[in-house]
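Visitor: Supplied in structure tokens, the structure appears directly below.
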Amino acid sequence: MFELKIDNAKYWRDCVESIVSLIDEGLFNINKDGISLKAMDPSSISMVSFFMPSKSFSKFSVEKSSAVGLNLENLSKILSTTRDGESLIIKDADNKVLLEFVGPGGKRRFKIQMIEVKKSVEKEPNVQFDAHIEIIGEPFKDMIKDAALMSSYIAFRASKDQFMVNARGDSGELEEQHEKEGSAIKKVEAQKNADATFNLEFLESMVKSCPLGSTIKIDLKTNEPMKIGYNIGDSEIVYYLAPYMEE
Amino acid sequence: MFELKIDNAKYWRDCVESIVSLIDEGLFNINKDGISLKAMDPSSISMVSFFMPSKSFSKFSVEKSSAVGLNLENLSKILSTTRDGESLIIKDADNKVLLEFVGPGGKRRFKIQMIEVKKSVEKEPNVQFDAHIEIIGEPFKDMIKDAALMSSYIAFRASKDQFMVNARGDSGELEEQHEKEGSAIKKVEAQKNADATFNLEFLESMVKSCPLGSTIKIDLKTNEPMKIGYNIGDSEIVYYLAPYMEE
Amino acid sequence: MFELKIDNAKYWRDCVESIVSLIDEGLFNINKDGISLKAMDPSSISMVSFFMPSKSFSKFSVEKSSAVGLNLENLSKILSTTRDGESLIIKDADNKVLLEFVGPGGKRRFKIQMIEVKKSVEKEPNVQFDAHIEIIGEPFKDMIKDAALMSSYIAFRASKDQFMVNARGDSGELEEQHEKEGSAIKKVEAQKNADATFNLEFLESMVKSCPLGSTIKIDLKTNEPMKIGYNIGDSEIVYYLAPYMEE
């Protein structure tokens with residue numbers, strides 16, 4: 001039994017969007033610390049790890065830890081109806097989840113069925129990263145779009161002072177060179193050069209929900225999975241993505 | 001023989017849009033009172049009744065009553081080309097209708113063929129309604145969108161003080177409760193509780209052309225057709241929609 | 001060997017868009033006067049002739065005249081990534097063309113393969129036109145849209161004082177009459193009446209890239225190809241379009 005209240009329903013909407021971009025159904029773990037969700041995408045190439053602390057809620061009453069399986073696409077569609085000024089109450093009732101939007105226009109209650117979701121492996125990849133980059137969301141999204149003109153893959157390379165982007169395909173080649181402390185890059189730290197190639201479609205899904213003007217944190221190691229994440233308010237969203245290795 | 005002039009061509013465009021959302025071809029009756037059109041949609045589930053009074057025209061010269069059959073989709077496409085500041089002259093000529101847009105850029109004349117349209121039954125359903133609701137257009141459109149997430153049907157329930165919306169489907173259930181004198185509802189009057197279910201697609205088409213900020217009037221009686229309408233300027237548009245009865 | 005620099009990369013983007021609307025691949029001729037391109041569309045119904053003078057470039061270093069064949073769709077997609085404030089360097093290297101965008105966010109380098117493009121006939125149609133019309137781009141685009149409601153073809157007629165547009169099809173007929181010195185027409189000069197019919201789809205492609213508020217120049221002769229063109233900055237874009245002759 002739980003009852004949670006979020007003063008600004010749009011906050012929760014944005015969080016769920018960042019998860020649904022990768023996975024269709026998920027298991028939320030609700031305990032006294034907050035709400036978390038860890039899941040692999042169906043192809044097992046990527047992983048999402050989400051955490052929203054209890055302090056983000058104006059009411060957070062959780063009797064005992066619960067695991068709530070939901071169809072995230074349904075949930076996301078319902079949250080997309082959020083009107084300005086609505087708060088949101090989330091509670092359970094008879095194996096259903098009740099979403100109650102309360103706003104100046106009245107109350108809107110959606111009841112959705114919980115579903116069984118197989119608990120996916122919860123272990124995050126254990127990588128000793130060599131490079132750490134912090135970059136503003138919009139220019140990073142632009143780099144992804146540039147690369148998509150040339151290929152389905154993008155190569156990142158971090159050295160002591162630079163962050164490089166590379167993509168090549170039948171129609172040509174792209175090379176971008178971003179200096180430390182340029183307008184896009186907030187930080188580049190590299191103990192060693194790091195160089196790895198990733199699937200662009202997954203990256204697009206991962207950065208889609210990054211709030212305007214926010215910083216994206218990237219950790220790299222040559223030919224190892226990358227870690228990429230950002231904050232939505234007090235919540236943390238982190239993705240892991242396996243590298244693409246040419247055969 | 002008739003010749004009509006509307007100072008703002010966009011007014012006539014908006015009126016025709018409210019009709020074409022339900023029916024493809026229609027028979028306009030033009031007499032000294034104004035222009036009217038009554039028609040059932042092809043599936044006979046709904047009916048539209050439109051009336052634009054002669055005073056809405058800056059010139060209204062009608063020799064004798066005429067019935068003008070038109071392909072409304074064509075008419076609507078032509079009206080969608082209306083430029084700012086254009087007036088519109090509508091007249092007949094050799095079994096054709098001439099639409100002359102006069103604006104600062106010159107004259108644009110469209111001539112379209114009249115078509116034969118079978119006169120459809122003109123009797124409006126005779127229902128003694130139990131409840132009358134007045135509601136702002138935008139929040140009502142939002143209710144329809146909410147319900148569409150859950151089902152293809154929407155149930156309305158009016159009681160003395162409340163207007164309730166309900167929709168349920170495989171993915172869950174929606175219940176909205178709108179208090180009399182909330183921000184959306186202007187009026188709820190019910191001599192008896194009224195409760196009926198309707199097809200969402202038809203409702204969407206009906207309210208699509210409701211002008212921004214306008215009030216929609218709804219009349220309900222349990223398991224009977226609903227009446228729903230609004231004004232566009234001096235013109236009146238009223239729809240009837242048969243209830244959906246679960247078998 | 002050439003190296004060209006354009007201070008505002010968007011200028012070059014707009015020029016290439018005006019060409020790619022008609023042809024997919026093209027041969028740019030680069031010599032000391034500037035860059036030019038002449039090509040027929042694949043159906044040989046229309047021709048485009050583009051010229052950008054050397055003075056439009058802030059650097060224009062051309063060792064000897066070159067002919068550079070490019071896939072224009074690729075080029076156009078790459079140029080569409082132009083960010084605010086970026087300049088563009090275009091140079092050749094090993095049978096490739098290098099496009100280097102330099103902006104506050106760093107450097108972005110695209111390398112694309114040159115392709116072999118058969119040199120198409122470069123002779124522009126030799127027509128002694130009877131009428132010359134100058135018309136603002138937006139109202140001309142609107143006329144094309146009006147005509148497209150009625151037909152796939154549009155007839156232009158120019159007389160001493162008027163520019164007329166005509167289109168007729170199954171659903172009806174359009175006739176537009178634009179007075180000399182109306183709000184759309186800047187100039188109508190006709191030594192003789194000129195009357196010809198053209199394919200709307202080609203015309204749409206031709207005027208698509210006309211900059212906002214610019215003047216389109218049209219030359220007509222009865223049942224002969226029309227000439228239609230406009231400027232983008234210092235660059236000139238001219239199209240020829242064969243008339244449609246009813247059989």
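Ordering of the structure tokens sets the chain letters (A, B, ...); residue numbers start at 1 within each chain; ligands are numbered from 1 in the order shown.
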For Glu3 (chain B), list every protein, DNA or RNA residue within 8 Å, evaluated using only C-alpha atoms, and leave out those in the same chain fewer than 6 positions away; present the list as a PyMOL selection string.

Guide: chain B and resi 59-62+89-92

Visitor: Quick check for you: according to DSSP on this backbone, which residues of region 1-67 of chain C are classed as alpha helix (DSSP H)? Reply as a list in words.

Guide: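 Filtering region 1-67 of chain C to alpha helix (DSSP H) leaves Ala9, Lys10, Tyr11, Trp12, Arg13, Asp14, Cys15, Val16, Glu17, Ser18, Ile19 and Val20 of chain C.
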
Visitor: What are the closest atom pairs, with distances in Å to one decimal, for all residues of chain B lying within 9 Å of chain A? Consider only C-alpha atoms, order rows by chain and residue number, and present the result as a Markdown table.

Guide:
| residue | atom | partner | partner_atom | distance |
| --- | --- | --- | --- | --- |
| B:Pro139 | CA | A:Gly105 | CA | 7.9 |
| B:Asp142 | CA | A:Thr81 | CA | 8.0 |
| B:Lys145 | CA | A:Thr81 | CA | 8.0 |
| B:Asp146 | CA | A:Thr81 | CA | 6.7 |
| B:Leu149 | CA | A:Ile78 | CA | 7.1 |
| B:Asp170 | CA | A:Gln113 | CA | 8.8 |
| B:Ser171 | CA | A:Ile112 | CA | 6.2 |
| B:Gly172 | CA | A:Ile112 | CA | 4.3 |
| B:Glu173 | CA | A:Lys111 | CA | 5.0 |
| B:Leu174 | CA | A:Phe110 | CA | 4.5 |
| B:Glu175 | CA | A:Arg109 | CA | 5.1 |
| B:Glu176 | CA | A:Arg108 | CA | 4.4 |
| B:Gln177 | CA | A:Lys107 | CA | 5.5 |
| B:His178 | CA | A:Gly106 | CA | 5.0 |
| B:Glu179 | CA | A:Gly106 | CA | 6.6 |
| B:Gly182 | CA | A:Gly105 | CA | 5.8 |
| B:Ser183 | CA | A:Gly105 | CA | 5.0 |
| B:Ala184 | CA | A:Gly105 | CA | 5.7 |
| B:Ile185 | CA | A:Gly105 | CA | 8.3 |

Visitor: Export, as a tab-separated table (two decimals), in the first residue's frame, the selected residues with N, CA and C atoms.

Guide:
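Result file follows (result.tsv):
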chain	number	residue	atom	x	y	z
B	139	PRO	N	-11.72	22.64	-22.62
B	139	PRO	CA	-11.70	21.54	-21.65
B	139	PRO	C	-12.57	20.35	-22.11
B	142	ASP	N	-10.50	18.34	-24.35
B	142	ASP	CA	-9.52	17.60	-23.56
B	142	ASP	C	-10.13	16.33	-22.95
B	145	LYS	N	-10.20	13.72	-25.51
B	145	LYS	CA	-8.86	13.15	-25.71
B	145	LYS	C	-8.49	12.18	-24.59
B	146	ASP	N	-8.80	12.55	-23.36
B	146	ASP	CA	-8.54	11.66	-22.23
B	146	ASP	C	-9.22	10.31	-22.45
B	149	LEU	N	-7.86	7.69	-24.85
B	149	LEU	CA	-6.73	6.86	-24.42
B	149	LEU	C	-7.19	5.50	-23.92
B	170	ASP	N	-9.35	-2.03	-22.30
B	170	ASP	CA	-8.42	-3.06	-21.86
B	170	ASP	C	-7.29	-2.50	-21.01
B	171	SER	N	-6.86	-1.29	-21.31
B	171	SER	CA	-5.69	-0.78	-20.59
B	171	SER	C	-6.05	-0.10	-19.28
B	172	GLY	N	-7.33	0.17	-19.06
B	172	GLY	CA	-7.68	0.79	-17.80
B	172	GLY	C	-8.98	1.56	-17.87
B	173	GLU	N	-9.13	2.49	-16.94
B	173	GLU	CA	-10.40	3.18	-16.78
B	173	GLU	C	-10.18	4.65	-16.47
B	174	LEU	N	-11.04	5.48	-17.02
B	174	LEU	CA	-10.97	6.91	-16.73
B	174	LEU	C	-12.27	7.35	-16.09
B	175	GLU	N	-12.13	8.20	-15.08
B	175	GLU	CA	-13.30	8.79	-14.45
B	175	GLU	C	-13.00	10.25	-14.19
B	176	GLU	N	-13.78	11.15	-14.74
B	176	GLU	CA	-13.57	12.57	-14.48
B	176	GLU	C	-14.82	13.14	-13.84
B	177	GLN	N	-14.58	14.05	-12.94
B	177	GLN	CA	-15.66	14.57	-12.12
B	177	GLN	C	-15.52	16.09	-12.17
B	178	HIS	N	-16.48	16.72	-12.80
B	178	HIS	CA	-16.39	18.17	-12.97
B	178	HIS	C	-17.52	18.83	-12.21
B	179	GLU	N	-17.13	19.64	-11.25
B	179	GLU	CA	-18.13	20.30	-10.40
B	179	GLU	C	-18.78	21.44	-11.18
B	182	GLY	N	-17.06	24.82	-11.82
B	182	GLY	CA	-15.61	24.69	-11.90
B	182	GLY	C	-15.15	25.56	-13.06
B	183	SER	N	-13.87	25.44	-13.42
B	183	SER	CA	-13.37	26.34	-14.47
B	183	SER	C	-13.86	25.93	-15.85
B	184	ALA	N	-14.30	24.69	-16.01
B	184	ALA	CA	-14.72	24.22	-17.33
B	184	ALA	C	-16.22	24.36	-17.53
B	185	ILE	N	-16.97	24.10	-16.47
B	185	ILE	CA	-18.43	23.99	-16.55
B	185	ILE	C	-19.08	25.34	-16.28

Visitor: What's around region 25-29 of chain A at 7 Å? Count only C-alpha atoms, leave out sequence neighbours fewer than 4 positions away in its own chain, and write the answer as a JSON list (two decimals) with C-alpha atoms, in the first residue's frame.

Guide:
[["chain", "number", "residue", "atom", "x", "y", "z"],
["A", 35, "ILE", "CA", 11.13, 5.14, -6.56],
["A", 36, "SER", "CA", 13.65, 3.31, -8.70],
["A", 37, "LEU", "CA", 13.61, 1.27, -11.86],
["A", 39, "ALA", "CA", 15.86, -2.53, -16.80],
["A", 66, "SER", "CA", 6.49, -2.71, -3.32],
["A", 67, "ALA", "CA", 7.33, -3.68, -6.87],
["A", 68, "VAL", "CA", 4.82, -2.29, -9.35],
["A", 69, "GLY", "CA", 4.85, -3.59, -12.92],
["A", 70, "LEU", "CA", 3.35, -1.25, -15.47],
["A", 71, "ASN", "CA", 2.92, -0.90, -19.20],
["A", 72, "LEU", "CA", 5.02, 2.22, -19.62],
["A", 117, "VAL", "CA", 7.13, -7.87, -15.33]]

Visitor: Run DSSP on the backbone and grab whatever in region 33-118 of chain B lands in strand (DSSP E); send it over as a PyMOL selection string.

Guide: chain B and resi 34-40+46-53+59-62+66-71+87-93+96-103+106-113

Visitor: Report, in Å to a single decimal, how far apart CA of Asn199 (chain B) and CA of Glu224 (chain B) are.

Guide: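 Going from CA of Glu224 (chain B) over to CA of Asn199 (chain B), I get 13.1 Å.
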
Visitor: Please measure the separation of CA of Asp84 (chain B) and CA of Phe57 (chain B), giving the value in Å to one decimal.

Guide: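 Straight-line distance from CA of Asp84 (chain B) to CA of Phe57 (chain B) works out to 17.9 Å.
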
Visitor: Which one is closest to Asn95 (chain B): B:Glu201, B:Glu116, B:Glu246, B:Glu122? Count only C-alpha atoms.

Guide: B:Glu116
